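Data block for coords_10.txt (compact mmCIF, C-alpha atoms):
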```
# COMPACT_ATOMS: atom_id res chain seq x y z
CA SER A 157 -26.44 40.22 -6.19
CA ILE A 158 -23.83 38.26 -4.20
CA LEU A 159 -26.33 35.46 -3.52
CA PHE A 160 -27.23 35.21 -7.20
CA ARG A 161 -23.56 35.24 -8.30
CA THR A 162 -22.65 32.63 -5.68
CA ILE A 163 -25.45 30.32 -6.82
CA ILE A 164 -24.47 30.69 -10.48
CA LEU A 165 -20.81 29.99 -9.73
CA TYR A 166 -21.66 27.09 -7.43
CA VAL A 167 -23.74 25.42 -10.14
CA PHE A 168 -21.08 26.17 -12.75
CA ILE A 169 -18.15 24.78 -10.74
CA THR A 170 -20.20 21.71 -9.75
CA LEU A 171 -20.87 20.96 -13.42
CA VAL A 172 -17.23 21.55 -14.32
CA ILE A 173 -15.90 19.23 -11.61
CA HIS A 174 -18.51 16.62 -12.51
CA GLY A 175 -17.31 16.83 -16.10
CA MET A 176 -13.72 16.25 -15.00
CA GLY A 177 -14.69 12.80 -13.72
CA LYS A 178 -14.63 10.80 -10.52
CA ARG A 179 -10.88 11.13 -10.19
CA GLN A 180 -11.36 14.76 -9.21
CA LEU A 181 -13.66 13.78 -6.37
CA GLY A 182 -11.60 10.98 -4.88
CA GLU A 183 -7.91 10.80 -4.24
CA LEU A 184 -6.15 13.69 -5.86
CA GLU A 185 -2.97 13.44 -7.86
CA MET A 186 -0.60 16.37 -7.85
CA SER A 187 -2.06 17.99 -10.98
CA ASP A 188 -5.61 17.42 -9.69
CA PHE A 189 -4.71 19.10 -6.43
CA VAL A 190 -3.24 22.12 -8.21
CA THR A 191 -6.33 22.36 -10.41
CA THR A 192 -8.63 22.17 -7.41
CA ILE A 193 -6.70 24.88 -5.56
CA LEU A 194 -6.72 27.15 -8.62
CA LEU A 195 -10.44 26.59 -9.21
CA SER A 196 -11.29 27.36 -5.59
CA GLN A 197 -9.22 30.54 -5.68
CA ILE A 198 -10.72 31.75 -8.96
CA ILE A 199 -14.29 30.95 -7.95
CA SER A 200 -13.99 32.97 -4.75
CA LEU A 201 -12.98 36.21 -6.51
CA PRO A 202 -16.38 37.29 -7.90
CA ILE A 203 -18.10 36.25 -4.70
CA GLU A 204 -15.86 38.58 -2.70
CA ASP A 205 -15.84 41.37 -5.30
CA PRO A 206 -19.15 41.87 -7.17
CA SER A 207 -17.46 44.27 -9.60
CA ILE A 208 -15.65 41.33 -11.27
CA PRO A 209 -17.72 40.15 -14.26
CA LEU A 210 -18.66 36.46 -14.24
CA SER A 211 -17.10 36.06 -17.68
CA HIS A 212 -13.73 36.94 -16.13
CA VAL A 213 -14.13 33.89 -13.91
CA ILE A 214 -15.80 31.41 -16.23
CA LEU A 215 -13.17 31.74 -18.97
CA PRO A 216 -10.16 31.01 -16.68
CA ILE A 217 -12.03 28.05 -15.19
CA LEU A 218 -12.72 26.63 -18.64
CA ILE A 219 -9.06 27.13 -19.58
CA ILE A 220 -7.83 25.36 -16.42
CA VAL A 221 -10.26 22.48 -16.88
CA SER A 222 -9.22 22.17 -20.54
CA LEU A 223 -5.57 22.08 -19.50
CA GLU A 224 -6.33 19.41 -16.91
CA ILE A 225 -8.19 17.24 -19.42
CA MET A 226 -5.47 17.73 -22.06
CA THR A 227 -2.72 16.96 -19.54
CA THR A 228 -4.49 13.78 -18.43
CA PHE A 229 -4.88 12.70 -22.06
CA LEU A 230 -1.23 13.42 -22.89
CA LYS A 231 0.07 11.71 -19.73
CA GLY A 232 -1.60 8.53 -20.92
CA ARG A 233 0.14 8.76 -24.30
CA PHE A 234 3.63 10.03 -23.45
CA ASN A 235 5.55 8.54 -20.50
CA PRO A 236 7.96 11.50 -20.09
CA LEU A 237 4.96 13.73 -19.33
CA LYS A 238 3.66 11.19 -16.85
CA ARG A 239 6.97 11.36 -14.96
CA ILE A 240 6.72 15.16 -14.82
CA PHE A 241 3.09 15.45 -13.69
CA GLU A 242 2.71 12.40 -11.46
CA ALA A 243 4.47 11.22 -8.37
CA LYS A 244 5.83 7.70 -8.38
CA PRO A 245 5.48 5.09 -5.67
CA THR A 246 8.14 5.25 -2.96
CA PHE A 247 9.44 2.10 -1.28
CA LEU A 248 9.71 2.92 2.42
CA ALA A 249 10.63 -0.59 3.48
CA GLU A 250 11.86 -3.66 1.64
CA HIS A 251 12.07 -7.15 3.16
CA GLY A 252 11.40 -5.76 6.63
CA VAL A 253 14.18 -3.14 6.44
CA ILE A 254 13.06 0.48 6.69
CA ASN A 255 14.63 2.91 4.22
CA GLN A 256 15.46 5.87 6.48
CA ARG A 257 16.61 8.04 3.55
CA GLU A 258 13.22 7.69 1.82
CA LEU A 259 11.38 8.41 5.09
CA LEU A 260 13.31 11.67 5.40
CA ARG A 261 12.79 12.55 1.73
CA VAL A 262 8.98 12.14 1.93
CA ARG A 263 8.87 13.64 5.45
CA ILE A 264 7.27 10.69 7.20
CA THR A 265 8.37 9.85 10.73
CA LEU A 266 9.08 6.34 11.90
CA ASP A 267 6.17 6.68 14.34
CA GLU A 268 3.77 7.49 11.49
CA LEU A 269 5.04 4.53 9.46
CA LEU A 270 4.73 2.10 12.36
CA SER A 271 1.26 3.46 13.15
CA GLU A 272 0.18 2.70 9.59
CA VAL A 273 1.62 -0.82 9.87
CA ARG A 274 -0.33 -1.40 13.10
CA GLN A 275 -3.54 0.01 11.59
CA GLN A 276 -3.29 -2.57 8.84
CA GLY A 277 -3.06 -5.34 11.41
CA TYR A 278 0.65 -6.08 11.68
CA GLY A 279 2.47 -5.83 14.98
CA ASP A 280 6.03 -6.24 13.81
CA ILE A 281 7.87 -4.62 10.92
CA ALA A 282 9.67 -7.94 10.41
CA ASP A 283 6.33 -9.36 9.22
CA ILE A 284 6.31 -6.91 6.31
CA ASP A 285 7.95 -7.50 2.95
CA TYR A 286 7.24 -4.07 1.41
CA ILE A 287 5.79 -0.76 2.52
CA ILE A 288 5.03 1.49 -0.44
CA LEU A 289 3.87 5.08 -0.31
CA GLU A 290 1.60 5.25 -3.35
CA GLU A 291 1.01 8.21 -5.69
CA SER A 292 -2.26 8.86 -3.89
CA GLY A 293 -0.51 9.30 -0.54
CA LYS A 294 -1.85 6.01 0.82
CA PHE A 295 0.30 3.15 2.07
CA SER A 296 0.42 -0.30 0.53
CA ILE A 297 1.66 -2.79 3.06
CA LEU A 298 2.57 -6.18 1.66
CA PRO A 299 3.25 -8.84 4.30
CA ARG A 300 5.81 -11.59 3.97
CA ALA A 301 4.28 -14.72 2.45
CA ALA A 302 4.32 -16.56 5.79
CA LYS A 303 2.38 -13.73 7.48
CA ALA A 304 -0.18 -13.08 4.74
CA PRO A 305 -3.69 -14.45 5.21
CA PRO A 306 -4.11 -17.67 3.22
CA THR A 307 -6.21 -17.56 0.08
CA ALA A 308 -8.96 -20.04 -0.74
CA GLU A 309 -6.74 -21.41 -3.49
CA GLU A 310 -3.89 -22.02 -1.03
CA LEU A 311 -6.33 -23.87 1.26
CA SER A 312 -7.63 -25.90 -1.70
CA LEU A 313 -11.12 -24.55 -1.22
CA ALA A 314 -13.65 -23.72 -3.93
CA PRO A 315 -15.82 -20.95 -2.46
CA LYS A 316 -18.94 -19.82 -4.27
CA GLU A 317 -18.93 -16.41 -5.90
CA ARG A 318 -20.96 -13.97 -3.84
CA GLY A 319 -21.65 -11.21 -6.36
CA TYR A 320 -22.18 -7.76 -4.95
CA ALA A 321 -24.69 -6.13 -2.65
CA LEU A 322 -27.55 -3.99 -3.90
CA PRO A 323 -29.91 -1.91 -1.81
```
Written as structure tokens, how would this file's structure read?
Amino acid sequence: SILFRTIILYVFITLVIHGMGKRQLGELEMSDFVTTILLSQIISLPIEDPSIPLSHVILPILIIVSLEIMTTFLKGRFNPLKRIFEAKPTFLAEHGVINQRELLRVRITLDELLSEVRQQGYGDIADIDYIILEESGKFSILPRAAKAPPTAEELSLAPKERGYALP
């Protein structure tokens, strides 16, 4: 019975998450994270307790997924909702100057920030114009113009388009 219920719920939740789109599978926004946590909690209940009817799990999942889809739709139409449900980018450094207050607010240590700068190939914070903590939790590190790799246009080159790789 538990095996059968687990298989049914696994297939169901896989279809539900697939229906929510690729965003759910990649980097999670705050509302996506909450939805994922709620779904995982709800889906585990009938697996642990076979006395819980599957309908008592499927209905809440459909409600949560509907709320997620509706929230995503409304966020795209009404900016005040977007500000409530989404984080905004945080500038951790501007023109090579680290914003200590923002580091404390987002709970990132200076060591973590400098590690990220090094991982992106820059040895000195003075080489960086902006460090932005994006909504996804990833860092965008924008070097000063003099330290950025030159583009083909800046070198007056006309490279051929390469297309994309296929297996």
| message | Just to confirm, what's the straight-line distance from atom CA of Pro315 of chain A to atom CA of Tyr286 of chain A in Å (one decimal)? | response | 28.8 Å
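For the atom pair formed by atom CA of Ser312 of chain A and atom CA of Gly277 of chain A, the distance is 24.8 Å, given to one decimal.
Of the listed residues (A:Thr307, A:Arg274, A:Ile281, A:Ile288), A:Ile288 comes nearest to Glu258 of chain A; the distances count only C-alpha atoms.
Of the residues listed (A:Arg257, A:His212, A:Lys303, A:Lys244), A:Lys303 shows the shortest atom-to-atom separation from Asp280 of chain A; distances use all atoms listed in the file.
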Excluding Pro202 of chain A and residues on its chain fewer than 6 positions from it, collect all residues at most 8 Å away from it, counting only C-alpha atoms, and give them as a short mmCIF file (atom, residue, chain, number, x, y, z; two decimals) with C-alpha atoms, in the coordinates of the input.
```cif
data_model
loop_
_atom_site.label_atom_id
_atom_site.label_comp_id
_atom_site.auth_asym_id
_atom_site.auth_seq_id
_atom_site.Cartn_x
_atom_site.Cartn_y
_atom_site.Cartn_z
CA ARG A 161 -23.56 35.24 -8.30
CA ILE A 208 -15.65 41.33 -11.27
CA PRO A 209 -17.72 40.15 -14.26
CA LEU A 210 -18.66 36.46 -14.24
CA VAL A 213 -14.13 33.89 -13.91
#
```
| message | Show me the residues around (1.8, 8.1, 1.5) - criterion: an atom at most 10 Å away, only C-alpha atoms counted - as a PyMOL selection string. | response | chain A and resi 245-246+248+262-264+269+272+287-296
Fewer than 4 positions away in the same chain doesn't count, so skip those; otherwise give me all residues within 10 Å of Leu194 of chain A, counting all atoms listed in the file, as an mmCIF file with C-alpha atoms, keeping the file's coordinate frame.
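Contents of part.cif, freshly written:
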```cif
data_model
loop_
_atom_site.group_PDB
_atom_site.id
_atom_site.type_symbol
_atom_site.label_atom_id
_atom_site.label_comp_id
_atom_site.auth_asym_id
_atom_site.auth_seq_id
_atom_site.Cartn_x
_atom_site.Cartn_y
_atom_site.Cartn_z
ATOM 1 C CA ASP A 188 -5.610 17.420 -9.690
ATOM 2 C CA PHE A 189 -4.710 19.100 -6.430
ATOM 3 C CA VAL A 190 -3.240 22.120 -8.210
ATOM 4 C CA ILE A 198 -10.720 31.750 -8.960
ATOM 5 C CA ILE A 199 -14.290 30.950 -7.950
ATOM 6 C CA PRO A 216 -10.160 31.010 -16.680
ATOM 7 C CA ILE A 217 -12.030 28.050 -15.190
ATOM 8 C CA ILE A 220 -7.830 25.360 -16.420
#
```
So that all listed atoms of segment 265-282 of chain A fit with 8 Å spare on each side, what axis-aligned box centre and edge lengths in Å, to one decimal, would you give as JSON?
```
{"center_x": 3.1, "center_y": 1.0, "center_z": 11.9, "size_x": 29.2, "size_y": 33.8, "size_z": 22.1}
```
| Which distance in Å separates atom CA of Ser200 of chain A and atom CA of Thr228 of chain A, to one decimal? | 25.4 Å
